[in-house]
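Colleague: For reference, this is start-v3.pdb, and it has PDB, C-alpha atoms.
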ATOM      1  CA  MET M  23      42.270  95.712  77.961
ATOM      2  CA  ALA M  24      44.545  97.373  80.484
ATOM      3  CA  ASN M  25      46.608  95.355  82.884
ATOM      4  CA  ASP M  26      48.656  98.064  84.496
ATOM      5  CA  ASN M  27      48.723  97.207  88.200
ATOM      6  CA  LEU M  28      51.547  94.791  87.834
ATOM      7  CA  ASP M  29      54.999  94.715  89.296
ATOM      8  CA  THR M  30      57.111  95.640  86.286
ATOM      9  CA  ARG M  31      60.399  94.627  87.851
ATOM     10  CA  LYS M  32      62.306  91.907  86.100
ATOM     11  CA  LYS M  33      62.401  88.659  88.031
ATOM     12  CA  GLU M  34      65.514  86.592  88.051
ATOM     13  CA  ALA M  35      64.963  82.993  87.060
ATOM     14  CA  VAL M  36      65.316  80.416  89.784
ATOM     15  CA  THR M  37      68.261  78.128  89.283
ATOM     16  CA  THR M  38      67.944  74.531  90.279
ATOM     17  CA  GLU M  39      70.752  72.027  90.434
ATOM     18  CA  ARG M  40      69.528  70.538  87.210
ATOM     19  CA  ASP M  41      70.325  73.548  85.121
ATOM     20  CA  GLU M  42      73.590  75.016  86.187
ATOM     21  CA  ARG M  43      74.563  77.990  84.094
ATOM     22  CA  THR M  44      77.390  77.748  81.655
ATOM     23  CA  ARG M  45      77.239  81.393  80.685
ATOM     24  CA  GLU M  46      78.291  83.921  83.253
ATOM     25  CA  ARG M  47      75.369  86.282  83.164
ATOM     26  CA  ARG M  48      72.040  86.968  84.677
ATOM     27  CA  VAL M  49      68.993  85.015  83.652
ATOM     28  CA  TYR M  50      65.497  86.435  83.945
ATOM     29  CA  GLN M  51      62.110  84.881  83.972
ATOM     30  CA  PRO M  52      60.047  86.512  81.228
ATOM     31  CA  ALA M  53      56.532  87.765  81.983
ATOM     32  CA  VAL M  54      54.006  85.618  80.124
ATOM     33  CA  ASP M  55      50.360  85.541  79.191
ATOM     34  CA  ILE M  56      48.910  82.100  78.735
ATOM     35  CA  ILE M  57      45.700  82.024  76.787
ATOM     36  CA  GLU M  58      43.574  78.948  76.764
ATOM     37  CA  GLY M  59      41.340  78.355  73.761
ATOM     38  CA  ARG M  60      39.222  75.437  72.702
ATOM     39  CA  ASP M  61      41.646  74.211  70.033
ATOM     40  CA  GLN M  62      44.919  75.681  71.188
ATOM     41  CA  THR M  63      46.941  77.170  74.017
ATOM     42  CA  THR M  64      48.911  80.337  73.296
ATOM     43  CA  ILE M  65      51.915  81.436  75.313
ATOM     44  CA  ILE M  66      53.049  85.031  74.854
ATOM     45  CA  ALA M  67      56.326  86.045  76.494
ATOM     46  CA  ASP M  68      58.076  89.412  76.705
ATOM     47  CA  VAL M  69      61.693  88.854  75.700
ATOM     48  CA  PRO M  70      63.083  92.276  74.787
ATOM     49  CA  GLY M  71      66.472  92.051  73.087
ATOM     50  CA  VAL M  72      65.695  88.702  71.488
ATOM     51  CA  ASP M  73      65.050  87.855  67.843
ATOM     52  CA  GLU M  74      64.156  84.611  66.093
ATOM     53  CA  SER M  75      67.787  83.499  65.843
ATOM     54  CA  SER M  76      68.521  83.653  69.561
ATOM     55  CA  VAL M  77      65.658  81.672  71.072
ATOM     56  CA  ASP M  78      65.637  77.955  71.784
ATOM     57  CA  ILE M  79      62.441  76.097  72.448
ATOM     58  CA  THR M  80      62.445  72.487  73.493
ATOM     59  CA  LEU M  81      59.657  70.119  74.345
ATOM     60  CA  GLU M  82      60.521  66.977  76.205
ATOM     61  CA  LYS M  83      57.641  64.837  77.326
ATOM     62  CA  ASN M  84      55.330  67.489  78.686
ATOM     63  CA  ILE M  85      58.006  70.008  79.731
ATOM     64  CA  LEU M  86      58.243  72.997  77.444
ATOM     65  CA  GLU M  87      61.369  75.039  77.907
ATOM     66  CA  ILE M  88      62.247  78.454  76.530
ATOM     67  CA  TYR M  89      65.785  79.783  76.584
ATOM     68  CA  ALA M  90      66.554  83.071  74.860
ATOM     69  CA  LYS M  91      69.965  84.642  74.601
ATOM     70  CA  VAL M  92      70.481  88.370  74.718
ATOM     71  CA  ASP M  93      73.479  90.150  73.270
ATOM     72  CA  PRO M  94      72.844  93.757  74.132
ATOM     73  CA  ASP M  95      74.644  96.863  73.011
ATOM     74  CA  ILE M  96      76.204  98.161  76.154
ATOM     75  CA  PRO M  97      77.315 101.720  75.368
ATOM     76  CA  GLN M  98      81.070 102.074  75.493
ATOM     77  CA  ASP M  99      82.886 104.772  77.428
ATOM     78  CA  MET M 100      79.763 105.832  79.257
ATOM     79  CA  GLN M 101      78.735 105.592  82.874
ATOM     80  CA  LEU M 102      75.454 104.158  84.020
ATOM     81  CA  ALA M 103      73.506 107.079  85.489
ATOM     82  CA  VAL M 104      70.054 105.537  86.042
ATOM     83  CA  TYR M 105      69.548 101.834  86.605
ATOM     84  CA  GLU M 106      66.066 100.363  86.634
ATOM     85  CA  TYR M 107      66.541  97.041  84.917
ATOM     86  CA  GLY M 108      69.177  94.393  84.584
ATOM     87  CA  ILE M 109      70.103  92.717  81.338
ATOM     88  CA  GLY M 110      70.443  89.010  80.809
ATOM     89  CA  ASP M 111      69.089  85.938  79.102
ATOM     90  CA  TYR M 112      65.584  84.566  79.583
ATOM     91  CA  HIS M 113      64.584  81.154  80.772
ATOM     92  CA  ARG M 114      61.279  79.617  81.685
ATOM     93  CA  ARG M 115      59.848  76.174  81.874
ATOM     94  CA  PHE M 116      56.234  75.097  81.589
ATOM     95  CA  THR M 117      54.490  71.855  82.282
ATOM     96  CA  LEU M 118      51.865  71.276  79.647
ATOM     97  CA  SER M 119      48.698  69.785  80.969
ATOM     98  CA  ASN M 120      47.029  68.996  77.670
ATOM     99  CA  GLU M 121      48.123  66.681  74.967
ATOM    100  CA  ILE M 122      49.758  68.939  72.434
ATOM    101  CA  ASP M 123      50.078  68.203  68.754
ATOM    102  CA  ARG M 124      53.852  68.557  68.578
ATOM    103  CA  GLU M 125      53.984  68.619  64.827
ATOM    104  CA  ARG M 126      51.976  71.765  64.583
ATOM    105  CA  ILE M 127      53.568  73.964  67.247
ATOM    106  CA  GLN M 128      54.288  77.406  65.883
ATOM    107  CA  ALA M 129      56.704  79.959  67.303
ATOM    108  CA  THR M 130      57.243  83.532  66.167
ATOM    109  CA  VAL M 131      59.225  86.440  67.553
ATOM    110  CA  LYS M 132      58.308  90.016  66.745
ATOM    111  CA  ASN M 133      59.489  93.211  68.416
ATOM    112  CA  GLY M 134      60.822  91.278  71.386
ATOM    113  CA  VAL M 135      57.673  89.241  71.971
ATOM    114  CA  LEU M 136      57.679  85.470  71.610
ATOM    115  CA  LYS M 137      54.405  83.882  70.619
ATOM    116  CA  LEU M 138      53.957  80.140  70.875
ATOM    117  CA  VAL M 139      50.849  78.489  69.527
ATOM    118  CA  LEU M 140      50.331  74.977  70.843
ATOM    119  CA  PRO M 141      47.475  73.243  69.043
ATOM    120  CA  LYS M 142      45.701  70.582  71.035
ATOM    121  CA  ALA M 143      45.830  67.044  69.759
ATOM    122  CA  GLU M 144      42.527  65.698  68.495
ATOM    123  CA  LYS M 145      42.010  63.320  71.389
ATOM    124  CA  ALA M 146      42.666  66.011  73.972
ATOM    125  CA  LYS M 147      39.916  68.308  72.799
ATOM    126  CA  THR M 148      37.112  68.422  75.239
ATOM    127  CA  GLN M 149      34.536  65.835  74.481
ATOM    128  CA  LYS M 150      31.006  66.202  75.482
ATOM    129  CA  ILE M 151      29.922  63.302  77.580
ATOM    130  CA  GLU M 152      26.333  62.446  77.480
ATOM    131  CA  VAL M 153      24.699  61.770  80.779
ATOM    132  CA  LYS M 154      22.126  59.094  80.660
ATOM    133  CA  ALA M 155      19.254  58.837  83.001
ATOM    134  CA  GLY M 156      19.682  56.062  85.497
ATOM    135  CA  ALA M 157      17.482  53.052  85.205
TER     136      ALA M 157
ATOM    137  CA  MET Q  27      92.646 101.373  95.010
ATOM    138  CA  LEU Q  28      89.237  99.791  95.010
ATOM    139  CA  TRP Q  29      89.074  96.246  93.813
ATOM    140  CA  SER Q  30      86.496  97.240  91.211
ATOM    141  CA  ASP Q  31      88.960  99.725  89.770
ATOM    142  CA  PHE Q  32      91.109  96.836  88.753
ATOM    143  CA  ASP Q  33      88.884  96.042  85.783
ATOM    144  CA  ARG Q  34      88.780  99.592  84.655
ATOM    145  CA  LEU Q  35      92.524  99.911  84.655
ATOM    146  CA  GLY Q  36      93.090  96.615  82.940
ATOM    147  CA  ARG Q  37      93.434  96.512  79.203
ATOM    148  CA  PHE Q  38      90.425  94.344  78.539
ATOM    149  CA  VAL Q  39      87.109  95.448  79.970
ATOM    150  CA  ASP Q  40      84.269  92.985  79.729
ATOM    151  CA  PRO Q  41      81.137  95.086  79.084
ATOM    152  CA  TRP Q  42      79.015  92.597  81.044
ATOM    153  CA  ARG Q  43      81.128  92.846  84.152
ATOM    154  CA  GLU Q  44      81.320  96.570  83.706
ATOM    155  CA  PHE Q  45      77.520  96.719  83.601
ATOM    156  CA  GLU Q  46      77.223  94.560  86.707
ATOM    157  CA  ARG Q  47      79.712  96.694  88.556
ATOM    158  CA  MET Q  48      78.022  99.960  87.674
ATOM    159  CA  SER Q  49      74.545  98.646  88.458
ATOM    160  CA  ARG Q  50      75.746  97.360  91.841
ATOM    161  CA  ASP Q  51      77.192 100.748  92.650
ATOM    162  CA  LEU Q  52      73.934 102.509  91.797
ATOM    163  CA  SER Q  53      71.834  99.980  93.713
ATOM    164  CA  ARG Q  54      73.958 100.557  96.777
ATOM    165  CA  MET Q  55      73.284 104.271  96.516
ATOM    166  CA  GLY Q  56      69.580 103.479  96.462
ATOM    167  CA  ARG Q  57      69.014 105.060  93.105
ATOM    168  CA  SER Q  58      67.012 102.317  91.503
ATOM    169  CA  SER Q  59      63.708 102.536  93.296
ATOM    170  CA  VAL Q  60      61.279 103.552  90.532
ATOM    171  CA  HIS Q  61      59.463 100.741  88.797
ATOM    172  CA  ASP Q  62      56.953 102.418  86.526
ATOM    173  CA  PHE Q  63      56.552 100.863  83.116
ATOM    174  CA  PRO Q  64      58.694 100.998  81.089
ATOM    175  CA  LEU Q  65      61.924 100.452  82.994
ATOM    176  CA  VAL Q  66      64.813 102.587  81.777
ATOM    177  CA  ASN Q  67      68.574 102.678  82.032
ATOM    178  CA  VAL Q  68      70.477 105.861  81.310
ATOM    179  CA  TRP Q  69      74.121 105.999  80.270
ATOM    180  CA  ALA Q  70      75.972 109.270  80.225
ATOM    181  CA  SER Q  71      79.296 110.770  79.322
ATOM    182  CA  ALA Q  72      80.344 114.417  79.446
ATOM    183  CA  ASP Q  73      78.453 115.456  76.324
ATOM    184  CA  LYS Q  74      76.021 112.724  75.385
ATOM    185  CA  ALA Q  75      73.606 110.249  76.915
ATOM    186  CA  VAL Q  76      71.949 107.025  75.830
ATOM    187  CA  ILE Q  77      68.593 105.982  77.239
ATOM    188  CA  THR Q  78      67.480 102.385  76.793
ATOM    189  CA  THR Q  79      64.096 100.979  77.680
ATOM    190  CA  GLU Q  80      62.418  97.623  77.240
ATOM    191  CA  VAL Q  81      59.042  98.042  75.569
ATOM    192  CA  ALA Q  82      58.479  94.745  73.797
ATOM    193  CA  GLY Q  83      55.563  94.245  71.459
ATOM    194  CA  MET Q  84      55.042  97.819  70.312
ATOM    195  CA  GLU Q  85      55.230  99.536  66.955
ATOM    196  CA  PRO Q  86      57.503 102.568  66.558
ATOM    197  CA  LYS Q  87      54.526 104.728  65.587
ATOM    198  CA  ASP Q  88      52.903 104.017  68.958
ATOM    199  CA  ILE Q  89      55.821 105.438  70.905
ATOM    200  CA  ASP Q  90      56.011 109.155  71.472
ATOM    201  CA  ILE Q  91      59.272 110.745  72.585
ATOM    202  CA  SER Q  92      59.755 114.378  73.540
ATOM    203  CA  VAL Q  93      62.476 116.413  75.198
ATOM    204  CA  ALA Q  94      62.459 119.735  76.989
ATOM    205  CA  ASP Q  95      65.696 120.923  78.567
ATOM    206  CA  GLU Q  96      66.862 118.003  80.707
ATOM    207  CA  MET Q  97      63.539 116.185  80.780
ATOM    208  CA  LEU Q  98      62.865 113.299  78.421
ATOM    209  CA  THR Q  99      59.321 111.963  78.172
ATOM    210  CA  ILE Q 100      58.326 108.619  76.673
ATOM    211  CA  LYS Q 101      54.643 107.999  76.088
ATOM    212  CA  GLY Q 102      52.655 105.245  74.525
ATOM    213  CA  LYS Q 103      50.088 102.559  74.868
ATOM    214  CA  ARG Q 104      50.824  98.904  75.001
ATOM    215  CA  GLN Q 105      47.943  96.699  74.000
ATOM    216  CA  GLY Q 106      47.123  93.579  75.896
ATOM    217  CA  SER Q 107      46.666  90.321  74.029
ATOM    218  CA  ASP Q 108      43.527  90.071  71.921
ATOM    219  CA  LEU Q 109      41.284  87.290  73.049
ATOM    220  CA  GLN Q 110      39.063  85.300  70.719
ATOM    221  CA  GLU Q 111      35.586  84.482  71.844
ATOM    222  CA  ASP Q 112      36.397  81.029  73.138
ATOM    223  CA  GLU Q 113      39.619  82.063  74.868
ATOM    224  CA  THR Q 114      40.393  82.869  78.493
ATOM    225  CA  TYR Q 115      43.494  84.006  80.335
ATOM    226  CA  HIS Q 116      45.130  81.180  82.147
ATOM    227  CA  ARG Q 117      47.912  83.420  83.338
ATOM    228  CA  ARG Q 118      48.381  87.130  82.831
ATOM    229  CA  GLU Q 119      51.684  88.742  83.774
ATOM    230  CA  ARG Q 120      52.480  91.040  80.863
ATOM    231  CA  TRP Q 121      52.004  94.695  81.508
ATOM    232  CA  GLY Q 122      49.456  96.505  79.361
ATOM    233  CA  GLY Q 123      47.967  99.962  79.255
ATOM    234  CA  GLN Q 124      48.866 103.577  78.736
ATOM    235  CA  PHE Q 125      52.141 104.925  80.028
ATOM    236  CA  SER Q 126      53.970 108.207  80.324
ATOM    237  CA  LYS Q 127      57.380 108.304  81.866
ATOM    238  CA  ASN Q 128      59.639 111.252  82.624
ATOM    239  CA  ILE Q 129      63.364 110.790  82.854
ATOM    240  CA  VAL Q 130      65.631 113.493  84.211
ATOM    241  CA  LEU Q 131      68.890 113.574  82.283
ATOM    242  CA  PRO Q 132      72.222 114.728  83.684
ATOM    243  CA  PHE Q 133      72.192 117.832  81.441
ATOM    244  CA  ARG Q 134      70.071 119.888  79.059
ATOM    245  CA  VAL Q 135      69.908 118.371  75.608
ATOM    246  CA  GLU Q 136      69.838 119.637  72.047
ATOM    247  CA  SER Q 137      66.225 118.917  71.110
ATOM    248  CA  SER Q 138      67.009 118.898  67.391
ATOM    249  CA  ARG Q 139      69.602 116.145  67.781
ATOM    250  CA  VAL Q 140      67.667 113.307  69.351
ATOM    251  CA  ASP Q 141      68.014 109.952  67.694
ATOM    252  CA  ALA Q 142      65.749 107.009  68.493
ATOM    253  CA  LYS Q 143      65.646 103.462  67.240
ATOM    254  CA  TYR Q 144      63.447 100.532  68.134
ATOM    255  CA  GLN Q 145      64.881  97.064  67.699
ATOM    256  CA  LYS Q 146      63.804  93.710  69.107
ATOM    257  CA  GLY Q 147      61.524  95.432  71.588
ATOM    258  CA  VAL Q 148      64.262  97.666  72.952
ATOM    259  CA  LEU Q 149      64.027 101.405  72.438
ATOM    260  CA  THR Q 150      67.359 103.255  72.361
ATOM    261  CA  ILE Q 151      67.409 107.038  72.456
ATOM    262  CA  SER Q 152      70.634 109.008  71.964
ATOM    263  CA  VAL Q 153      70.816 112.642  72.970
ATOM    264  CA  GLN Q 154      73.524 115.299  72.771
ATOM    265  CA  ARG Q 155      74.275 117.835  75.433
ATOM    266  CA  ALA Q 156      73.079 121.329  74.513
ATOM    267  CA  GLU Q 157      75.903 123.643  73.437
ATOM    268  CA  ALA Q 158      74.740 126.303  75.875
ATOM    269  CA  ASP Q 159      74.902 123.792  78.699
ATOM    270  CA  LYS Q 160      78.476 122.690  78.085
ATOM    271  CA  PRO Q 161      81.103 123.925  80.458
ATOM    272  CA  ARG Q 162      82.768 126.890  78.885
ATOM    273  CA  LYS Q 163      86.471 127.180  78.784
ATOM    274  CA  ILE Q 164      87.618 130.535  79.962
ATOM    275  CA  SER Q 165      90.763 131.836  78.495
ATOM    276  CA  ILE Q 166      92.964 133.992  80.580
ATOM    277  CA  SER Q 167      94.360 136.998  78.918
ATOM    278  CA  SER Q 168      97.572 138.530  80.024
ATOM    279  CA  GLU Q 169      98.085 142.232  79.877
TER     280      GLU Q 169
END
Reformat the file's structure so that it appears as C-alpha cells.
Modeller:
Amino acid sequence: MANDNLDTRKKEAVTTERDERTRERRVYQPAVDIIEGRDQTTIIADVPGVDESSVDITLEKNILEIYAKVDPDIPQDMQLAVYEYGIGDYHRRFTLSNEIDRERIQATVKNGVLKLVLPKAEKAKTQKIEVKAGA
Amino acid sequence: MLWSDFDRLGRFVDPWREFERMSRDLSRMGRSSVHDFPLVNVWASADKAVITTEVAGMEPKDIDISVADEMLTIKGKRQGSDLQEDETYHRRERWGGQFSKNIVLPFRVESSRVDAKYQKGVLTISVQRAEADKPRKISISSE
C-alpha cells in the first residue's frame, strides 16, 4: 500500500514546561502508524539512527512515552553541502485509550523502526452486548 | 571575524554545534527546499563526499544506488505496514511507496569507488572525486 503524498519533513517535537531538555540538541517527533486490531494496538515509529540500546519507553497511568537518543556520525573535516534534514533525538507521547495489558507489551527496533505491540487487557476487549426486545 | 568562526578557530569543535552552524548557513541561503523522500544531507571536502539519508525500515537489498559523473541516484521501495484482516489504521504518518532521488554532487566521482552502508535505518554513501576531475597542478618550467 503506497502512502506517498505525505510531508516528509522532520517535525520538531513540541516542548512543554513539563519536559525541559537537559541535552542541548534538537528533538524530533517521529512519524508513526498506529494500527488498531481486535486484540492489540500496534505503534510503528520511524526512528532512524536508533537501536534497541538507545530507546526508552515508559508507561505511566495511560501515558506512553517514547524517548530515543541519537548519536550520529557527523563526518569530520567536511562541509555540509546539501541540507535536507536535521539530526536529533526523538520524543513522542501517546495517551492510551484502551486498557492495556502492561505485562505483555513488546517493543522491538529493527533498521531504525520501533515497533510497539500493546495487547489489550481481557476486560477491555470489545464485548458484544445483547439487545433485548422491550416488554 | 564572524562570531561563528570562533568555534572553528577554537581547539575543541563540538560536532553538534558545527552541524547546527552549517545547517543554519545553508538554510539562510535557501538551499534546503526539496523534500522528496528520502531526505538527504551531503558533506563534501576537496576530494571526497559523504551522503547520508534516513530510510528506516528497509533492507539493503531493496535499495539501489547508482552514480554517473556527478549525479547520484538512490532508488527503492518502502513498504507500508502490513495489516491483518481485523486491523485498521488509526493514524498513518509514515511514508511508503516507490522512490527515486537524484542528488547532484559537487564533483564527478569515481564510480568504482563508491562505498555504501546501511545501519539503524540510515544509509551512508561515501564517494571519491574522480582523478580526471581533480584540479591539476601545473608545473612551471624555466628555460
Colleague: With 8 Å as the cut-off and only C-alpha atoms counted, what is the closest atom pair between each nearby residue of chain Q and chain M? Distances in Å to one decimal, ordered by chain and number, as a Markdown table.
Modeller:
| residue | atom | partner | partner_atom | distance |
| --- | --- | --- | --- | --- |
| Q:Pro41 | CA | M:Ile96 | CA | 6.5 |
| Q:Trp42 | CA | M:Arg47 | CA | 7.6 |
| Q:Phe45 | CA | M:Ile96 | CA | 7.7 |
| Q:Met48 | CA | M:Leu102 | CA | 6.1 |
| Q:Ser49 | CA | M:Tyr105 | CA | 6.2 |
| Q:Leu52 | CA | M:Tyr105 | CA | 6.8 |
| Q:Ser53 | CA | M:Tyr105 | CA | 7.7 |
| Q:Arg57 | CA | M:Val104 | CA | 7.2 |
| Q:Ser58 | CA | M:Glu106 | CA | 5.3 |
| Q:Ser59 | CA | M:Glu106 | CA | 7.4 |
| Q:Val60 | CA | M:Glu106 | CA | 6.9 |
| Q:His61 | CA | M:Thr30 | CA | 6.2 |
| Q:Asp62 | CA | M:Thr30 | CA | 6.8 |
| Q:Phe63 | CA | M:Thr30 | CA | 6.1 |
| Q:Pro64 | CA | M:Thr30 | CA | 7.6 |
| Q:Leu65 | CA | M:Glu106 | CA | 5.5 |
| Q:Val66 | CA | M:Glu106 | CA | 5.5 |
| Q:Asn67 | CA | M:Tyr105 | CA | 4.8 |
| Q:Val68 | CA | M:Val104 | CA | 4.8 |
| Q:Trp69 | CA | M:Leu102 | CA | 4.4 |
| Q:Ala70 | CA | M:Met100 | CA | 5.2 |
| Q:Ser71 | CA | M:Met100 | CA | 5.0 |
| Q:Ala75 | CA | M:Met100 | CA | 7.9 |
| Q:Val76 | CA | M:Pro97 | CA | 7.6 |
| Q:Glu80 | CA | M:Pro70 | CA | 5.9 |
| Q:Val81 | CA | M:Pro70 | CA | 7.1 |
| Q:Ala82 | CA | M:Gly134 | CA | 4.8 |
| Q:Gly83 | CA | M:Asn133 | CA | 5.1 |
| Q:Met84 | CA | M:Asn133 | CA | 6.7 |
| Q:Glu85 | CA | M:Asn133 | CA | 7.8 |
| Q:Gln105 | CA | M:Met23 | CA | 7.0 |
| Q:Gly106 | CA | M:Met23 | CA | 5.7 |
| Q:Ser107 | CA | M:Asp55 | CA | 7.9 |
| Q:Leu109 | CA | M:Ile57 | CA | 7.8 |
| Q:Gln110 | CA | M:Gly59 | CA | 7.9 |
| Q:Asp112 | CA | M:Gly59 | CA | 5.7 |
| Q:Glu113 | CA | M:Gly59 | CA | 4.2 |
| Q:Thr114 | CA | M:Glu58 | CA | 5.3 |
| Q:Tyr115 | CA | M:Ile57 | CA | 4.6 |
| Q:His116 | CA | M:Ile56 | CA | 5.2 |
| Q:Arg117 | CA | M:Ile56 | CA | 4.9 |
| Q:Arg118 | CA | M:Asp55 | CA | 4.4 |
| Q:Glu119 | CA | M:Ala53 | CA | 5.3 |
| Q:Arg120 | CA | M:Ala53 | CA | 5.3 |
| Q:Trp121 | CA | M:Asn25 | CA | 5.6 |
| Q:Gly122 | CA | M:Asn25 | CA | 4.7 |
| Q:Gly123 | CA | M:Ala24 | CA | 4.5 |
| Q:Gln124 | CA | M:Ala24 | CA | 7.8 |
| Q:Pro132 | CA | M:Ala103 | CA | 8.0 |
| Q:Gln145 | CA | M:Asn133 | CA | 6.7 |
| Q:Lys146 | CA | M:Asn133 | CA | 4.4 |
| Q:Gly147 | CA | M:Gly134 | CA | 4.2 |
| Q:Val148 | CA | M:Pro70 | CA | 5.8 |
Colleague: Translate the PyMOL selection byres ((chain Q and resi 102) around 9) into a concrete residue list for this structure, as JSON, numbers by chain.
Modeller: {"Q": [84, 88, 89, 90, 91, 100, 101, 103, 104, 123, 124, 125, 126]}
Colleague: Please report the interatomic distance between atom CA of Q:Thr150 and atom CA of Q:Glu96 in Å with one decimal.
Modeller: 17.0 Å
Colleague: Please define a box with edges along x, y and z of the file around all atoms of stretch 107-117 of chain Q given in the file, extend it by 4 Å on each side, and return its centre and edge lengths in Å to one decimal, as AutoDock Vina command-line options.
Modeller:
--center_x 41.7 --center_y 85.7 --center_z 77.0 --size_x 20.3 --size_y 17.3 --size_z 20.6
Colleague: Determine, counting all atoms listed in the file, which protein, DNA and RNA residues have an atom within 7 Å of an atom of Q:Asn128; residues of the same chain fewer than 5 positions away are not included. Present the result as a list of chain:residue names.
Modeller: Q:Met97, Q:Leu98, Q:Thr99, Q:Ile100
Colleague: Determine the nearest neighbour of M:Lys33 from the options M:Gln128, M:Asp111, M:Val139, M:Ile88, counting only C-alpha atoms.
Modeller: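 For M:Lys33, the nearest of the candidates is M:Asp111.
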Colleague: Evaluate the PyMOL selection byres ((chain Q and resi 134) around 8) here and jot the selected residues down as a list in words.
Modeller: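 Output of the PyMOL selection byres ((chain Q and resi 134) around 8): Ala94, Asp95, Glu96, Met97, Leu131, Pro132, Phe133, Val135, Glu136, Arg155, Ala156 and Asp159 of chain Q.
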Colleague: Any chance you could work out the residue set of the PyMOL selection byres ((chain M and resi 35) around 6) here, as JSON, numbers by chain?
Modeller: {"M": [34, 36, 49, 50, 51]}
Colleague: What does the structure give for the distance between atom CA of M:Leu140 and atom CA of Q:Glu111, in Å to one decimal?
Modeller: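 Calculated distance between atom CA of M:Leu140 and atom CA of Q:Glu111 is 17.6 Å.
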Colleague: Which value, in Å to one decimal, gives the distance between atom CA of M:Asp123 and atom CA of Q:Asp108?
Modeller: 23.0 Å
